[in-house]
Number of protein chains: 2
Amino acid sequence: MAFLFLTGFLVGWFARPSGVQHDHANDSKLLDFLNEIQADNIRQYLRKFTQLPHLAGTEQNLKLAKEIANEWEKFGLDSVELVSYDVLLSYPKPEQPNYISILNQFGNEIFNTSLTEPVPEGYEGVSDIVPPYNAFSAKGQPEGELVYVNYGRTEDFFQLERDMGINCSGKIVIARYGKIFRGNKVKNAILAGAKGIILFSDPADYCAPGVDVYPSGWNLPGRGAQRGNVLNLNGAGDPLTPGYPAKEYTYRAEQDEGVGLPKIPVHPIGYSDAVHLLTLMCKRTSISAPHRIVRMNIYTSNQVTRIYNVIGRIRGAVEPDRYVILGGHRDAWVFGGIDPTSGVAVVHEIARSVGTLVKKGWKPRRTLVFASWDAEEFGLLGSTEWAEENAKILQERAVAYINADSSIEGMYTLRVDCTPSLHTLVYDITKKISSPEPGEETMTLYDSWHKRDNWTNERNAPRISKLGSGSDFEAYFIRLGIAAGRARYTKNTKTERYSSYPVYHSVYETFELVERFYDPSFRRLQAVARVRAGLIFQLSDSQLLPLDCVEYGAALHKYTLNIEAIANRHPDAISRYNVSFDSLLNAVKNFTSAAQAFHQRLNELDRYNPLEMRMVNDQLMHLERAFIDPLGLPGRPFYRHIIFAPSIHNKYAGESFPGIYDALFDIENAPEQDKAWDEVRRQISIATFTVQAAAMVLMPLA
Amino acid sequence: MAFLFLTGFLVGWFARPSGVQHDHANDSKLLDFLNEIQADNIRQYLRKFTQLPHLAGTEQNLKLAKEIANEWEKFGLDSVELVSYDVLLSYPKPEQPNYISILNQFGNEIFNTSLTEPVPEGYEGVSDIVPPYNAFSAKGQPEGELVYVNYGRTEDFFQLERDMGINCSGKIVIARYGKIFRGNKVKNAILAGAKGIILFSDPADYCAPGVDVYPSGWNLPGRGAQRGNVLNLNGAGDPLTPGYPAKEYTYRAEQDEGVGLPKIPVHPIGYSDAVHLLTLMCKRTSISAPHRIVRMNIYTSNQVTRIYNVIGRIRGAVEPDRYVILGGHRDAWVFGGIDPTSGVAVVHEIARSVGTLVKKGWKPRRTLVFASWDAEEFGLLGSTEWAEENAKILQERAVAYINADSSIEGMYTLRVDCTPSLHTLVYDITKKISSPEPGEETMTLYDSWHKRDNWTNERNAPRISKLGSGSDFEAYFIRLGIAAGRARYTKNTKTERYSSYPVYHSVYETFELVERFYDPSFRRLQAVARVRAGLIFQLSDSQLLPLDCVEYGAALHKYTLNIEAIANRHPDAISRYNVSFDSLLNAVKNFTSAAQAFHQRLNELDRYNPLEMRMVNDQLMHLERAFIDPLGLPGRPFYRHIIFAPSIHNKYAGESFPGIYDALFDIENAPEQDKAWDEVRRQISIATFTVQAAAMVLMPLA
């Protein structure tokens with residue numbers, strides 16, 4: 001009987017006076033689980049899953065879905081299913097390749113960019129390698145003068161237009177990759193009036209000093225180029241079915257009304273080709289060269305295509321209606337050696353390890369959901385459509401979402417981005433895992449991480465950052481308000497200045513790249529696997545949810561001071577327009593008090609009363625949900641989290657209090673100052689309400 | 001210990017093979033509770049609370065709030081608090097009264113409408129009786145020719161413009177009250193280009209044949225007039241703070257940007273005055289009479305004013321985090337003899353009766369919330385602001401909302417409007433209550449109701465209708481998706497053609513009106529009190545929530561056939577634009593299967609397992625929530641229920657599948673037929689998704 005089981009389960013419970021409280025009884029089970037995760041298995045899975053390209057919407061990626069589903073079943077998951085959607089994807093035309101030409105004064109092509117990347121050794125016979133392209137580029141053959149726009153950031157265009165007086169209207173712009181999400185570059189180019197945009201990988205951004213290019217090293221070869229979509233979806237998922245799952249019955253907008261589709265051609269090139277285009281400009285960006293014109297030849301086309309998520313479940317033994325989700329994408333631009341298969345292999349090993357426990361009779365308290373998402377590279381489509389289809393259930397039942405995209409992007413230390421309420425759990429888990437670094441055999445991952453990336457400006461602990469976007473947690477965290485986090489191995493950001501990793505989204509992302517350079521022992525991937533596994537284990541199996549609301553209070557306080565400091569850069573306006581952060585600071589104070597009182601009450605809890613535990617856990621689960629505003633952020637209806645959103649200027653970066661931040665952005669140049677500051681006041685009011693409402697979630701129940 | 005208590009509690013449980021299952025053990029407690037409710041107490045409370053006017057925002061209404069709070073505490077509620085908001089209200093200027101004049105050719109006033117209603121006997125010394133006015137009317141003194149627009153309905157304006165070629169642009173229109181919400185009349189007048197609108201009570205609509213005018217009978221005297229707001233809020237609450245509670249810290253829009261405020265003057269008159277204006281037109285609406293012009297003199301002004309809700313709670317003994325709300329408004333236009341005090345008195349008697357049980361040691365399983373709302377008459381403001389402030393909590397915790405506005409509007413039988421999942425409970429409860437009708441002493445309320453209002457076109461049962469709007473359940477049901485219902489005593493709608501009741505919103509709504517005419521024995525109010533009380537008792541105390549999802553399936557099926565039939569009036573377009581209801585019908589079928597399987601599984605439930613019960617109850621609670629679309633209906637972001645919304649053409653009426661219905665409305669006259677039918681297909685797709693998602697809520701948990 002469930003009650004007797006539960007009673008037994010509760011024995012050994014102990015309460016810490018503050019902070020997150022764990023089941024002590026679970027600790028040995030947790031360690032069993034973490035120890036089950038083996039580096040060699042991850043190596044094998046990575047090897048197996050990177051033999052062929054797995055582009056979303058292709059036969060090969062469906063085959064991989066079936067293979068994974070098959071194995072998850074064999075591992076011992078209770079149920080596994082393929083869930084399909086028909087979403088808008090974008091492919092180059094095989095018979096009419098994309099390229100860019102330099103034209104002479106007679107309109108003849110005197111230089112054309114490469115059509116493909118040289119295929120790495122060992123993969124020569126592989127077909128279906130999609131050439132470098134920017135998915136969802138508009139079709140077209142625009143011709144024009146070229147303008148270099150640096151990284152294509154908002155501030156780059158400001159500088160061009162305001163300081164240098166350079167107008168991009170009717171021009172073709174060329175921007176280097178890096179710093180911000182490429183979709184933002186494209187949006188900025190469109191706003192500036194450009195009729196096309198070329199994206200290139202600059203060695204300054206994609207080559208580490210002293211490192212050879214692939215295959216001798218892990219730098220990007222000159223003819224390598226970064227694929228990637230250039231949508232500005234703002235969380236909408238499938239561009240034709242915003243807000244609703246792209247099922248057979250679903251109404252689809254006309255393609256020219258799709259969300260976030262750029263209206264101009266976009267194309268990526270490597271630095272070997274870029275050199276030719278850049279010399280055109282002779283370093284004089286402001287001087288037009290009418291006899292040297294560039295033409296983009298883009299034939300990429302969009303088509304509604306079926307994609308497949310794999311969804312596996314282990315039914316919770318006590319609370320089957322509480323879900324902990326581990327999700328990562330399966331689709332890759334080509335081989336996906338790092339992105340995403342270093343994540344796929346890790347999820348696979350976690351599924352196998354959980355299955356081993358299940359076969360020995362263990363079941364998690366709550367339901368575990370494993371997800372292999374499709375079409376992440378095309379705008380987080382698989383994960384967003386599933387979130388849309390299951391929104392009503394997830395809203396009521398999802399405890400946490402842990403993301404499992406690429407497990408590694410550097411060879412230095414751990415990187416974690418997560419919601420504040422997961423901070424404590426992340427620290428606790430990393431203290432139970434060994435460092436993967438040679439020479440640190442006796443050190444914990446926590447200590448190794450702490451040593452390498454000490455968050456000294458905040459506290460004496462390793463750095464944890466805010467979630468931005470650019471991976472599949474987006475719909476779960478930013479739209480639905482489900483506590484979320486991600487962990488991976490990263491570079492030393494203090495010394496390594498290149499963006500992501502050099503061969504990102506190129507054909508050179510192979511198994512060998514990881515095996516030779518990033519993680520020869522596969523112990524780094526193992527460590528990442530154990531972090532992700534530890535998170536889902538504790539979230540699914542602890543009697544009391546390991547979510548720390550006091551940490552959230554501290555984060556809110558910090559973000560409030562930050563945003564107040566930004567506003568205070570305009571002292572005159574602040575006083576003229578009567579802008580005050582007092583109400584928000586008060587709400588944060590109320591939140592902090594409520595969180596502290598909540599923690600206090602945990603000590604008085606009757607832990608043998610399953611309903612009392614459930615009610616407290618429901619408060620913790622719904623805390624993140626309380627930050628969701630159904631009205632969304634201005635102009636971004638699917639970004640609904642009032643505390644965190646991807647920056648308007650860079651989807652990859654997380655912004656805190658995004659509504660206020662965006663209202664303040666470049667406010668000194670707003671044409672109507674009173675309206676602009678009115679909007680700041682409105683956004684402060686919304687933030688105040690939201691924080692106050694979140695405090696109410698933590699208050700006594702009636 | 002809570003568990004032992006619970007075990008005891010569960011003894012005696014029995015399961016019916018289908019339908020809603022009740023605690024048998026509770027039945028005697030329920031009857032104790034219902035028997036506690038006494039007609040004489042209701043009479044006393046009504047007498048006490050109708051001595052003085054209780055207009056929202058006045059000292060007198062705050063005083064009443066304190067009095068009620070005080071008594072609720074004495075009755076034995078666990079906590080009672082006053083919750084205030086600062087909302088936009090609207091009052092006439094005491095020193096500059098509103099009126100309408102007929103002007104002669106020299107522009108002199110040759111007739112003025114009355115400034116006040118004659119005060120009824122016994123109330124002569126009462127000050128602060130607000131004269132008839134339409135709250136939120138624009139200020140202004142427009143002059144113009146008068147056009148009679150019948151009831152001012154959409155179809156009335158269509159007829160004028162399309163069939164009779166009458167243009168209302170620049171005219172002052174005069175509409176009779178009745179049939180639809182007055183705010184819709186005003187909106188239609190604005191759309192037609194009118195520069196003012198006069199509303200009058202036609203004896204055809206406000207006098208029952210053969211009945212004297214008050215005080216000899218219950219008909220409206222000639223100089224009586226209907227007050228009422230003329231907002232088109234579409235659920236926004238306070239016009240200046242849509243979406244957020246109107247607290248001190250809240251950002252307020254400029255008044256000219258407030259939601260739903262009419263841009264033209266509006267004024268109500270009685271039929272004695274109306275006769276003079278109508279004869280102006282000599283029955284020839286199309287002929288202009290330039291020498292006889294009407295002028296409206298309107299000085300009503302809007303001001304942000306503090307209002308007060310009273311919120312009382314009895315903490316649930318087992319699930320304090322589950323709320324059952326009984327709410328009704330306290331503010332009245334004048335004495336509020338019927339509206340709302342016949343509801344206030346009933347809520348008061350219910351609170352007293354619950355308190356009596358509590359004093360004897362009983363506690364409900366779930367938390368009971370009693371609400372006395374303020375400023376309902378000004379656009380459901382008190383209830384909507386509280387819903388906004390508590391939205392995040394209510395979303396997760398509210399089981400049901402029972403509305404308690406006016407308890408009586410006729411002398412014939414019961415009237416119930418509720419969500420389909422409450423049908424079964426309403427029938428069950430009315431079978432436990434006696435008929436209040438003389439000569440029916442041995443009959444149940446159910447049988448009396450059944451005899452008088454048999455729903456033969458649907459089934460062999462008394463009629464239950466859809467919820468529309470016009471009272472405080474709106475934010476709870478239509479915005480938040482909380483199962484809701486209302487019950488009152490009503491007229492015989494087959495024979496009594498007048499709208500609401502004749503003296504509605506006039507100064508003649510007194511205690512004596514109810515005591516002399518509507519319910520001399522107060523047994524009708526007692527019966528209504530018992531229905532409302534029975535609902536909150538069973539919802540708060542049954543172990544298994546008495547919500548019937550199979551009934552919801554039947555209702556969805558019916559609504560789908562209805563809307564399909566409406567679409568099928570355009571057979572050519574249906575086939576040309578490929579419009580099909582198959583997907584929706586399929587979703588309804590899936591819903592029905594899921595509901596039936598859910599009911600089946602209830603039989604296998606381990607009723608001694610508190611978590612199992614909680615999980616099943618959570619599914620039932622969240623069912624209504626699943627019909628909420630966070631994106632809202634087109635142009636109505638706060639009407640978010642996909643199955644039910646107030647009609648765009650009449651706020652009082654409920655429309656099923658409102659998105660589809662509105663897309664189809666007058667579609668034959670849409671300028672772009674393809675776009676219009678595209679929108680129909682889009683709305684069918686949204687309905688399909690929503691019903692399918694609701695089915696998923698009822699499916700097995702993992």
# chains A, B, ... in the order shown; residues from 1 in each chain; ligands from 1
$ select_by_dssp --residues "segment 95-200 of chain B" --states "strand (DSSP E or B)" --output "PyMOL selection string"
chain B and resi 96+99-103+109-112+140+143-144+146-148+172-176+196-200
$ write_last_selection --atoms "N, CA, C and O atoms" --output "mmCIF file, in the first residue's frame"
data_model
loop_
_atom_site.group_PDB
_atom_site.id
_atom_site.type_symbol
_atom_site.label_atom_id
_atom_site.label_comp_id
_atom_site.auth_asym_id
_atom_site.auth_seq_id
_atom_site.Cartn_x
_atom_site.Cartn_y
_atom_site.Cartn_z
ATOM 1 N N GLN B 96 -24.183 70.409 -10.744
ATOM 2 C CA GLN B 96 -24.470 70.646 -12.160
ATOM 3 C C GLN B 96 -25.137 69.399 -12.743
ATOM 4 O O GLN B 96 -24.475 68.551 -13.349
ATOM 5 N N TYR B 99 -29.096 66.503 -17.760
ATOM 6 C CA TYR B 99 -30.460 66.423 -18.293
ATOM 7 C C TYR B 99 -30.391 66.561 -19.802
ATOM 8 O O TYR B 99 -29.343 66.875 -20.374
ATOM 9 N N ILE B 100 -31.569 66.368 -20.393
ATOM 10 C CA ILE B 100 -31.672 66.483 -21.841
ATOM 11 C C ILE B 100 -32.748 67.512 -22.142
ATOM 12 O O ILE B 100 -33.777 67.552 -21.460
ATOM 13 N N SER B 101 -32.489 68.353 -23.141
ATOM 14 C CA SER B 101 -33.483 69.377 -23.474
ATOM 15 C C SER B 101 -33.897 69.255 -24.930
ATOM 16 O O SER B 101 -33.125 68.812 -25.770
ATOM 17 N N ILE B 102 -35.122 69.695 -25.149
ATOM 18 C CA ILE B 102 -35.558 69.933 -26.520
ATOM 19 C C ILE B 102 -35.394 71.430 -26.754
ATOM 20 O O ILE B 102 -35.792 72.249 -25.909
ATOM 21 N N LEU B 103 -34.793 71.770 -27.880
ATOM 22 C CA LEU B 103 -34.553 73.185 -28.187
ATOM 23 C C LEU B 103 -35.527 73.643 -29.261
ATOM 24 O O LEU B 103 -35.885 72.870 -30.159
ATOM 25 N N GLU B 109 -34.300 76.169 -24.558
ATOM 26 C CA GLU B 109 -34.791 74.905 -24.019
ATOM 27 C C GLU B 109 -36.286 74.990 -23.811
ATOM 28 O O GLU B 109 -36.763 75.799 -23.003
ATOM 29 N N ILE B 110 -37.039 74.186 -24.540
ATOM 30 C CA ILE B 110 -38.491 74.224 -24.356
ATOM 31 C C ILE B 110 -38.990 73.017 -23.569
ATOM 32 O O ILE B 110 -40.143 72.958 -23.180
ATOM 33 N N PHE B 111 -38.104 72.067 -23.334
ATOM 34 C CA PHE B 111 -38.450 70.949 -22.459
ATOM 35 C C PHE B 111 -37.167 70.377 -21.874
ATOM 36 O O PHE B 111 -36.176 70.198 -22.590
ATOM 37 N N ASN B 112 -37.192 70.103 -20.580
ATOM 38 C CA ASN B 112 -36.052 69.465 -19.925
ATOM 39 C C ASN B 112 -36.495 68.190 -19.231
ATOM 40 O O ASN B 112 -37.574 68.160 -18.633
ATOM 41 N N GLY B 140 -20.276 66.379 -22.020
ATOM 42 C CA GLY B 140 -20.491 67.105 -23.266
ATOM 43 C C GLY B 140 -21.906 67.618 -23.386
ATOM 44 O O GLY B 140 -22.801 67.197 -22.648
ATOM 45 N N GLU B 143 -25.601 68.683 -29.496
ATOM 46 C CA GLU B 143 -26.947 69.004 -29.984
ATOM 47 C C GLU B 143 -27.129 68.290 -31.302
ATOM 48 O O GLU B 143 -26.184 68.139 -32.074
ATOM 49 N N GLY B 144 -28.368 67.895 -31.571
ATOM 50 C CA GLY B 144 -28.566 67.257 -32.862
ATOM 51 C C GLY B 144 -29.953 66.708 -33.030
ATOM 52 O O GLY B 144 -30.775 66.695 -32.107
ATOM 53 N N LEU B 146 -32.622 63.778 -33.622
ATOM 54 C CA LEU B 146 -32.780 62.543 -32.863
ATOM 55 C C LEU B 146 -33.141 61.389 -33.803
ATOM 56 O O LEU B 146 -33.981 61.543 -34.680
ATOM 57 N N VAL B 147 -32.488 60.252 -33.623
ATOM 58 C CA VAL B 147 -32.857 59.055 -34.400
ATOM 59 C C VAL B 147 -33.180 57.924 -33.435
ATOM 60 O O VAL B 147 -32.403 57.636 -32.516
ATOM 61 N N TYR B 148 -34.333 57.314 -33.649
ATOM 62 C CA TYR B 148 -34.742 56.194 -32.799
ATOM 63 C C TYR B 148 -34.132 54.908 -33.342
ATOM 64 O O TYR B 148 -34.262 54.608 -34.525
ATOM 65 N N ILE B 172 -28.016 62.411 -32.625
ATOM 66 C CA ILE B 172 -28.190 61.853 -31.283
ATOM 67 C C ILE B 172 -29.187 60.722 -31.421
ATOM 68 O O ILE B 172 -30.244 60.898 -32.032
ATOM 69 N N VAL B 173 -28.825 59.566 -30.910
ATOM 70 C CA VAL B 173 -29.746 58.433 -31.064
ATOM 71 C C VAL B 173 -30.438 58.170 -29.737
ATOM 72 O O VAL B 173 -29.932 58.500 -28.662
ATOM 73 N N ILE B 174 -31.615 57.619 -29.853
ATOM 74 C CA ILE B 174 -32.359 57.233 -28.647
ATOM 75 C C ILE B 174 -32.737 55.761 -28.769
ATOM 76 O O ILE B 174 -33.286 55.323 -29.788
ATOM 77 N N ALA B 175 -32.346 55.000 -27.747
ATOM 78 C CA ALA B 175 -32.585 53.554 -27.777
ATOM 79 C C ALA B 175 -33.366 53.161 -26.548
ATOM 80 O O ALA B 175 -33.214 53.757 -25.480
ATOM 81 N N ARG B 176 -34.213 52.145 -26.706
ATOM 82 C CA ARG B 176 -34.869 51.684 -25.489
ATOM 83 C C ARG B 176 -33.992 50.651 -24.787
ATOM 84 O O ARG B 176 -33.232 49.924 -25.427
ATOM 85 N N GLY B 196 -24.229 61.230 -29.461
ATOM 86 C CA GLY B 196 -24.782 61.084 -28.126
ATOM 87 C C GLY B 196 -25.820 59.980 -28.164
ATOM 88 O O GLY B 196 -26.329 59.639 -29.245
ATOM 89 N N ILE B 197 -26.107 59.385 -27.020
ATOM 90 C CA ILE B 197 -27.155 58.374 -27.001
ATOM 91 C C ILE B 197 -27.976 58.506 -25.723
ATOM 92 O O ILE B 197 -27.436 58.661 -24.624
ATOM 93 N N ILE B 198 -29.287 58.478 -25.933
ATOM 94 C CA ILE B 198 -30.240 58.547 -24.818
ATOM 95 C C ILE B 198 -30.839 57.151 -24.667
ATOM 96 O O ILE B 198 -31.212 56.508 -25.646
ATOM 97 N N LEU B 199 -30.899 56.680 -23.427
ATOM 98 C CA LEU B 199 -31.460 55.365 -23.153
ATOM 99 C C LEU B 199 -32.737 55.558 -22.350
ATOM 100 O O LEU B 199 -32.744 56.292 -21.360
ATOM 101 N N PHE B 200 -33.811 54.920 -22.771
ATOM 102 C CA PHE B 200 -35.044 55.078 -22.000
ATOM 103 C C PHE B 200 -35.681 53.718 -21.725
ATOM 104 O O PHE B 200 -35.447 52.749 -22.435
#
$ residues_around --residues "Val697 of chain A" --least-positions-apart "4" --cutoff "12 Å" --atoms "only C-alpha atoms" --output "mmCIF file with C-alpha atoms, in the first residue's frame"
data_model
loop_
_atom_site.group_PDB
_atom_site.id
_atom_site.type_symbol
_atom_site.label_atom_id
_atom_site.label_comp_id
_atom_site.auth_asym_id
_atom_site.auth_seq_id
_atom_site.Cartn_x
_atom_site.Cartn_y
_atom_site.Cartn_z
ATOM 1 C CA CYS A 549 13.209 30.293 -2.839
ATOM 2 C CA ASN A 590 8.251 41.179 0.804
ATOM 3 C CA PHE A 591 9.356 38.305 -1.387
ATOM 4 C CA ALA A 594 7.974 35.392 2.523
ATOM 5 C CA ALA A 595 10.769 33.101 1.328
ATOM 6 C CA PHE A 598 8.518 29.674 4.117
ATOM 7 C CA MET A 615 1.065 21.464 -0.660
ATOM 8 C CA VAL A 616 4.514 22.770 0.200
ATOM 9 C CA ASN A 617 5.959 21.260 -2.954
ATOM 10 C CA ASP A 618 3.170 22.846 -4.982
ATOM 11 C CA GLN A 619 4.154 26.233 -3.627
ATOM 12 C CA LEU A 620 7.752 25.601 -4.652
ATOM 13 C CA MET A 621 6.752 24.325 -8.076
ATOM 14 C CA HIS A 622 4.455 27.245 -8.743
ATOM 15 C CA LEU A 623 6.952 29.849 -7.634
ATOM 16 C CA GLU A 624 8.597 30.015 -11.044
ATOM 17 C CA ARG A 625 5.172 30.029 -12.686
ATOM 18 C CA ALA A 626 4.259 33.150 -10.714
ATOM 19 C CA PHE A 627 6.791 35.152 -12.715
ATOM 20 C CA THR A 690 4.795 40.209 -10.437
ATOM 21 C CA VAL A 691 7.329 39.985 -7.616
ATOM 22 C CA GLN A 692 4.596 40.733 -5.092
ATOM 23 C CA ALA A 693 2.375 38.029 -6.594
ATOM 24 C CA LEU A 701 -1.997 28.872 2.270
ATOM 25 C CA ALA A 702 -5.196 30.370 3.640
ATOM 26 C CA ASP B 321 -4.666 25.365 -0.557
ATOM 27 C CA GLU B 389 -4.152 40.542 -7.651
ATOM 28 C CA ASN B 390 -4.616 36.869 -6.813
ATOM 29 C CA ALA B 391 -4.513 35.435 -10.332
ATOM 30 C CA LYS B 392 -1.401 33.350 -9.853
ATOM 31 C CA ILE B 393 -2.731 31.746 -6.703
ATOM 32 C CA LEU B 394 -6.270 31.286 -7.963
ATOM 33 C CA GLN B 395 -5.021 29.638 -11.117
ATOM 34 C CA GLU B 396 -3.360 26.926 -9.082
ATOM 35 C CA ARG B 397 -5.771 26.661 -6.183
#
$ residues_around --residues "Gly183 of chain A" --least-positions-apart "6" --cutoff "12 Å" --atoms "only C-alpha atoms" --output "NGL selection string"
:A and (134-137 or 151-153 or 175 or 177 or 189-190 or 197 or 199 or 227-234 or 260-262 or 264 or 266-267 or 378-379 or 470 or 648-652)
$ atom_distance --atom1 "atom CA of Thr424 of chain A" --atom2 "atom CA of Phe657 of chain A"
22.1 Å
$ residues_around --residues "Leu445 of chain B" --least-positions-apart "6" --cutoff "6 Å" --atoms "only C-alpha atoms" --output "list in words"
Thr430, Ile433, Ser434 and Ser435 of chain B
$ write_last_selection --atoms "N, CA, C and O atoms" --output "mmCIF file, in the first residue's frame"
data_model
loop_
_atom_site.group_PDB
_atom_site.id
_atom_site.type_symbol
_atom_site.label_atom_id
_atom_site.label_comp_id
_atom_site.auth_asym_id
_atom_site.auth_seq_id
_atom_site.Cartn_x
_atom_site.Cartn_y
_atom_site.Cartn_z
ATOM 1 N N THR B 430 -30.536 20.522 -5.639
ATOM 2 C CA THR B 430 -31.924 21.014 -5.660
ATOM 3 C C THR B 430 -32.905 19.893 -5.300
ATOM 4 O O THR B 430 -34.038 20.177 -4.930
ATOM 5 N N ILE B 433 -33.592 20.166 -1.473
ATOM 6 C CA ILE B 433 -34.154 21.427 -0.974
ATOM 7 C C ILE B 433 -35.656 21.440 -1.281
ATOM 8 O O ILE B 433 -36.072 20.951 -2.332
ATOM 9 N N SER B 434 -36.433 22.016 -0.372
ATOM 10 C CA SER B 434 -37.884 22.076 -0.607
ATOM 11 C C SER B 434 -38.228 23.220 -1.533
ATOM 12 O O SER B 434 -37.569 24.263 -1.527
ATOM 13 N N SER B 435 -39.310 23.031 -2.251
ATOM 14 C CA SER B 435 -39.839 24.126 -3.067
ATOM 15 C C SER B 435 -40.344 25.226 -2.144
ATOM 16 O O SER B 435 -40.980 24.959 -1.126
#
$ residues_around --residues "Ala529 of chain A" --least-positions-apart "6" --cutoff "8 Å" --atoms "only C-alpha atoms" --output "PyMOL selection string"
chain A and resi 37+346-347+349-350+407
$ atom_distance --atom1 "atom CA of Ala487 of chain B" --atom2 "atom CA of Asp541 of chain B"
19.9 Å
$ residues_around --residues "Glu385 of chain B" --least-positions-apart "4" --cutoff "7 Å" --atoms "only C-alpha atoms" --output "number ranges by chain"
B: 237, 245-246, 381, 389
$ select_by_dssp --residues "segment 287-527 of chain B" --states "helix (DSSP H, G or I)" --output "number ranges by chain"
B: 341-359, 376-378, 381-389, 391-397, 420-430, 445-452, 474-479, 511-518, 523-527
$ residues_around --residues "Arg532 of chain B" --least-positions-apart "6" --cutoff "8 Å" --atoms "only C-alpha atoms" --output "list in words"
Ile402, Ala404, Arg486 and Ala487 of chain B
$ closest_residue --among "B:Lys466, B:His54, B:Arg601, B:Arg488" --to "Ile307 of chain B" --atoms "only C-alpha atoms"
B:His54
